[in-house]
Amino acid sequence: MKIDVLTIFPEFFEQVFDFGIIRRAKLAGIVDINVHDIREFATDKHQMTDDRPFGGGDGMVMKAEPIFLAIEHLLGTSNREEYAAGTKVILLSPQGRPLKQAFAKEIAECANHLVLICGRYEGVDERVNETLVTDEISIGDYVLSGGEPAAIVLSDAIIRLLPEALGSETSAENDSFSNGLLDCPHYTRPAEFRGMKVPEVLLNGNHAEIEKWRHEKALEKTRKFRPDLLTGENGECE
Ligand code: ADE
């Protein structure tokens, strides 16, 4: 998979992709990540990437032209109808569809080229959305100062699901959300730490009992912290 990130702060990404699973995936050629400075596509002498909003109001809006030029440079067109199959242009913004594990999975399985646009300021000229963007994604109901952390979150969630990126296939299958529930608790050695004991059932080697316990605990956690996942309010499991 190829990932191109468009940002006005390319330095933000200098090291984040150089650890753990993402680093391994890069070294193995599973993913190729390139970060581009939107400013380099600005045409005026001050290389402005933002301007005042029409209609007045606070803050600045990211200009359409540098983003259009960047997309044309990367994809050869600024018409989303003409993108190659498997190409997604994703705008990270608090107005987007909430990021879900199912979306990360779908992208990992079906896409081969992502362009992530990191919005800043009060927003991005809507013509970017109307013409270039295939998906607008939010990573939660809070406002960040820019889409950069969101682009990192989305990339991580997708890359770890790419075939062969995780050490073992089953580790992704057992993730929180992949079965509509939060993950169950985990323990490792020692069996007793400062008087706190690992639940007996995990030590007895009875796999059927262990699976039952894990499912019950996953349900318990989900009921406590994310009851919406059980009622289907969020569309995960009806
Ligand atoms: N940019 C600012 N806030 C954001 C959010 N919650 N998700 C994605 N991008 C953002």
# chains A, B, ... in the order shown; residues from 1 in each chain; ligands from 1

call {"tool": "residues_near_ligand", "arguments": {"ligand": "ligand 1", "cutoff": "8 Å", "atoms": "only C-alpha atoms and all ligand atoms", "output": "NGL selection string"}}
result
:A and (91-96 or 98 or 118-120 or 137-151)

call {"tool": "select_by_dssp", "arguments": {"residues": "region 88-133 of chain A", "states": "alpha helix (DSSP H)", "output": "PyMOL selection string"}}
result
chain A and resi 101-110+126-131

call {"tool": "atom_distance", "arguments": {"atom1": "CA of His36 (chain A)", "atom2": "CA of Pro10 (chain A)"}}
result
6.4 Å

call {"tool": "atom_distance", "arguments": {"atom1": "CA of Leu114 (chain A)", "atom2": "CA of Thr87 (chain A)"}}
result
5.8 Å

call {"tool": "atom_distance", "arguments": {"atom1": "CA of Asp37 (chain A)", "atom2": "CA of Phe68 (chain A)"}}
result
13.1 Å

call {"tool": "residues_around", "arguments": {"residues": "Lys221 (chain A)", "least_positions_apart": "6", "cutoff": "9 Å", "atoms": "only C-alpha atoms", "output": "number ranges by chain"}}
result
A: 181-185, 227

call {"tool": "closest_residue", "arguments": {"among": "A:Ile90, A:Leu154, A:Met62, A:Leu6", "to": "Thr131 (chain A)", "atoms": "only C-alpha atoms"}}
result
A:Ile90

call {"tool": "closest_residue", "arguments": {"among": "A:Ile158, A:Val133, A:Val16, A:Val128", "to": "Glu109 (chain A)", "atoms": "only C-alpha atoms"}}
result
A:Ile158

call {"tool": "closest_residue", "arguments": {"among": "A:Val124, A:Ile117, A:Ile3, A:Ile30", "to": "Lys63 (chain A)", "atoms": "only C-alpha atoms"}}
result
A:Val124

call {"tool": "select_by_dssp", "arguments": {"residues": "region 2-237 of chain A", "states": "strand (DSSP E)", "output": "PyMOL selection string"}}
result
chain A and resi 2-7+32-37+50-51+61-62+87-98+113-118+123-124+135-138+192-193+196-197

call {"tool": "write_last_selection", "arguments": {"atoms": "N, CA and C atoms", "output": "short mmCIF file (atom, residue, chain, number, x, y, z; two decimals), in the first residue's frame"}}
result
data_model
loop_
_atom_site.label_atom_id
_atom_site.label_comp_id
_atom_site.auth_asym_id
_atom_site.auth_seq_id
_atom_site.Cartn_x
_atom_site.Cartn_y
_atom_site.Cartn_z
N LYS A 2 0.44 2.25 -0.77
CA LYS A 2 1.17 3.53 -0.80
C LYS A 2 0.33 4.55 -0.03
N ILE A 3 0.97 5.29 0.86
CA ILE A 3 0.27 6.35 1.60
C ILE A 3 0.99 7.67 1.37
N ASP A 4 0.28 8.66 0.84
CA ASP A 4 0.82 10.01 0.70
C ASP A 4 0.08 10.91 1.68
N VAL A 5 0.84 11.65 2.47
CA VAL A 5 0.23 12.56 3.45
C VAL A 5 0.45 13.99 2.97
N LEU A 6 -0.62 14.78 2.94
CA LEU A 6 -0.52 16.20 2.59
C LEU A 6 -0.72 17.03 3.85
N THR A 7 0.26 17.86 4.17
CA THR A 7 0.24 18.61 5.42
C THR A 7 1.01 19.91 5.26
N ASP A 32 4.47 2.00 1.82
CA ASP A 32 5.42 3.05 1.43
C ASP A 32 4.76 4.37 1.78
N ILE A 33 5.34 5.11 2.74
CA ILE A 33 4.70 6.34 3.22
C ILE A 33 5.53 7.55 2.79
N ASN A 34 4.88 8.52 2.17
CA ASN A 34 5.57 9.76 1.78
C ASN A 34 4.78 10.95 2.27
N VAL A 35 5.50 11.92 2.84
CA VAL A 35 4.85 13.11 3.40
C VAL A 35 5.19 14.30 2.51
N HIS A 36 4.17 15.09 2.15
CA HIS A 36 4.36 16.22 1.23
C HIS A 36 3.92 17.51 1.89
N ASP A 37 4.69 18.56 1.66
CA ASP A 37 4.38 19.88 2.20
C ASP A 37 3.43 20.60 1.24
N ASP A 50 -3.52 29.39 3.20
CA ASP A 50 -4.81 29.70 3.84
C ASP A 50 -5.21 31.12 3.53
N ASP A 51 -6.48 31.43 3.77
CA ASP A 51 -6.99 32.78 3.49
C ASP A 51 -8.23 33.01 4.35
N VAL A 61 -9.14 29.75 6.38
CA VAL A 61 -9.59 28.53 5.69
C VAL A 61 -8.48 28.08 4.76
N MET A 62 -8.22 26.80 4.70
CA MET A 62 -7.17 26.31 3.78
C MET A 62 -7.64 26.47 2.34
N THR A 87 -7.78 3.70 -5.12
CA THR A 87 -7.25 4.98 -4.62
C THR A 87 -8.31 5.68 -3.76
N LYS A 88 -7.90 6.10 -2.58
CA LYS A 88 -8.81 6.84 -1.69
C LYS A 88 -8.15 8.14 -1.29
N VAL A 89 -8.89 9.23 -1.36
CA VAL A 89 -8.40 10.52 -0.88
C VAL A 89 -9.21 10.86 0.36
N ILE A 90 -8.55 10.86 1.49
CA ILE A 90 -9.26 10.96 2.77
C ILE A 90 -8.92 12.28 3.45
N LEU A 91 -9.97 13.06 3.74
CA LEU A 91 -9.78 14.31 4.48
C LEU A 91 -10.02 14.04 5.96
N LEU A 92 -9.05 14.38 6.80
CA LEU A 92 -9.22 14.23 8.24
C LEU A 92 -9.81 15.53 8.78
N SER A 93 -10.98 15.43 9.38
CA SER A 93 -11.63 16.64 9.90
C SER A 93 -12.65 16.24 10.96
N PRO A 94 -12.94 17.15 11.90
CA PRO A 94 -13.93 16.80 12.93
C PRO A 94 -15.35 16.65 12.36
N GLN A 95 -15.57 17.09 11.11
CA GLN A 95 -16.90 16.95 10.49
C GLN A 95 -17.08 15.59 9.83
N GLY A 96 -16.01 14.77 9.81
CA GLY A 96 -16.08 13.52 9.06
C GLY A 96 -16.88 12.42 9.75
N ARG A 97 -17.00 11.31 9.06
CA ARG A 97 -17.63 10.10 9.59
C ARG A 97 -16.71 9.54 10.67
N PRO A 98 -17.24 9.15 11.83
CA PRO A 98 -16.36 8.64 12.90
C PRO A 98 -15.59 7.39 12.44
N HIS A 113 -3.82 2.68 -2.50
CA HIS A 113 -3.18 4.00 -2.50
C HIS A 113 -4.06 4.98 -1.71
N LEU A 114 -3.50 5.54 -0.65
CA LEU A 114 -4.24 6.52 0.15
C LEU A 114 -3.55 7.87 0.07
N VAL A 115 -4.35 8.90 -0.10
CA VAL A 115 -3.83 10.26 0.07
C VAL A 115 -4.58 10.85 1.25
N LEU A 116 -3.84 11.21 2.29
CA LEU A 116 -4.46 11.75 3.51
C LEU A 116 -4.26 13.26 3.55
N ILE A 117 -5.34 14.01 3.57
CA ILE A 117 -5.25 15.47 3.62
C ILE A 117 -5.47 15.92 5.06
N CYS A 118 -4.46 16.58 5.62
CA CYS A 118 -4.58 17.06 7.00
C CYS A 118 -5.10 18.49 6.98
N GLY A 123 -10.90 25.17 8.80
CA GLY A 123 -11.40 24.17 7.87
C GLY A 123 -10.70 24.27 6.53
N VAL A 124 -11.26 23.55 5.56
CA VAL A 124 -10.67 23.45 4.24
C VAL A 124 -11.74 23.93 3.26
N ASP A 135 -13.47 10.19 1.07
CA ASP A 135 -13.97 9.91 2.42
C ASP A 135 -13.50 11.01 3.36
N GLU A 136 -14.41 11.50 4.19
CA GLU A 136 -14.04 12.48 5.23
C GLU A 136 -14.17 11.77 6.57
N ILE A 137 -13.08 11.75 7.32
CA ILE A 137 -13.04 10.91 8.53
C ILE A 137 -12.65 11.74 9.75
N SER A 138 -13.36 11.50 10.85
CA SER A 138 -13.03 12.10 12.15
C SER A 138 -12.56 10.99 13.08
N GLU A 192 1.50 -14.18 40.52
CA GLU A 192 1.11 -13.31 41.63
C GLU A 192 2.09 -12.15 41.70
N PHE A 193 1.56 -10.93 41.70
CA PHE A 193 2.40 -9.73 41.72
C PHE A 193 1.89 -8.80 42.81
N MET A 196 -1.38 -9.49 44.09
CA MET A 196 -2.50 -9.53 43.12
C MET A 196 -2.35 -10.77 42.25
N LYS A 197 -3.42 -11.60 42.27
CA LYS A 197 -3.33 -12.89 41.59
C LYS A 197 -3.98 -12.86 40.22
#

call {"tool": "residues_around", "arguments": {"residues": "Ile21 (chain A)", "least_positions_apart": "5", "cutoff": "9 Å", "atoms": "only C-alpha atoms", "output": "PyMOL selection string"}}
result
chain A and resi 26+156+159-160+165-167

call {"tool": "closest_residue", "arguments": {"among": "A:Gly56, A:Gly232, A:Gly20, A:Pro66", "to": "Ala42 (chain A)", "atoms": "only C-alpha atoms"}}
result
A:Pro66

call {"tool": "closest_atom_pairs", "arguments": {"of": "region 40-108 of chain A", "to": "region 171-174 of chain A", "cutoff": "12 Å", "atoms": "only C-alpha atoms", "output": "CSV"}}
result
residue,atom,partner,partner_atom,distance
A:Gln101,CA,A:Ala172,CA,10.6
A:Ala102,CA,A:Glu173,CA,11.9
A:Ala104,CA,A:Ala172,CA,11.7
A:Lys105,CA,A:Ala172,CA,10.0

call {"tool": "write_last_selection", "arguments": {"atoms": "N, CA, C and O atoms", "output": "PDB file, in the first residue's frame"}}
result
ATOM      1  N   GLN A 101     -13.326   0.499  13.352  1.00  0.00           N
ATOM      2  CA  GLN A 101     -12.456  -0.610  12.959  1.00  0.00           C
ATOM      3  C   GLN A 101     -12.873  -1.173  11.596  1.00  0.00           C
ATOM      4  O   GLN A 101     -12.030  -1.561  10.787  1.00  0.00           O
ATOM      5  N   ALA A 102     -14.194  -1.207  11.347  1.00  0.00           N
ATOM      6  CA  ALA A 102     -14.686  -1.769  10.078  1.00  0.00           C
ATOM      7  C   ALA A 102     -14.169  -0.968   8.888  1.00  0.00           C
ATOM      8  O   ALA A 102     -13.864  -1.538   7.834  1.00  0.00           O
ATOM      9  N   ALA A 104     -11.305   0.807   8.819  1.00  0.00           N
ATOM     10  CA  ALA A 104      -9.869   0.498   8.704  1.00  0.00           C
ATOM     11  C   ALA A 104      -9.691  -0.842   7.981  1.00  0.00           C
ATOM     12  O   ALA A 104      -8.822  -0.995   7.111  1.00  0.00           O
ATOM     13  N   LYS A 105     -10.533  -1.800   8.314  1.00  0.00           N
ATOM     14  CA  LYS A 105     -10.440  -3.133   7.723  1.00  0.00           C
ATOM     15  C   LYS A 105     -10.763  -3.088   6.228  1.00  0.00           C
ATOM     16  O   LYS A 105     -10.061  -3.673   5.402  1.00  0.00           O
TER      17      LYS A 105
END
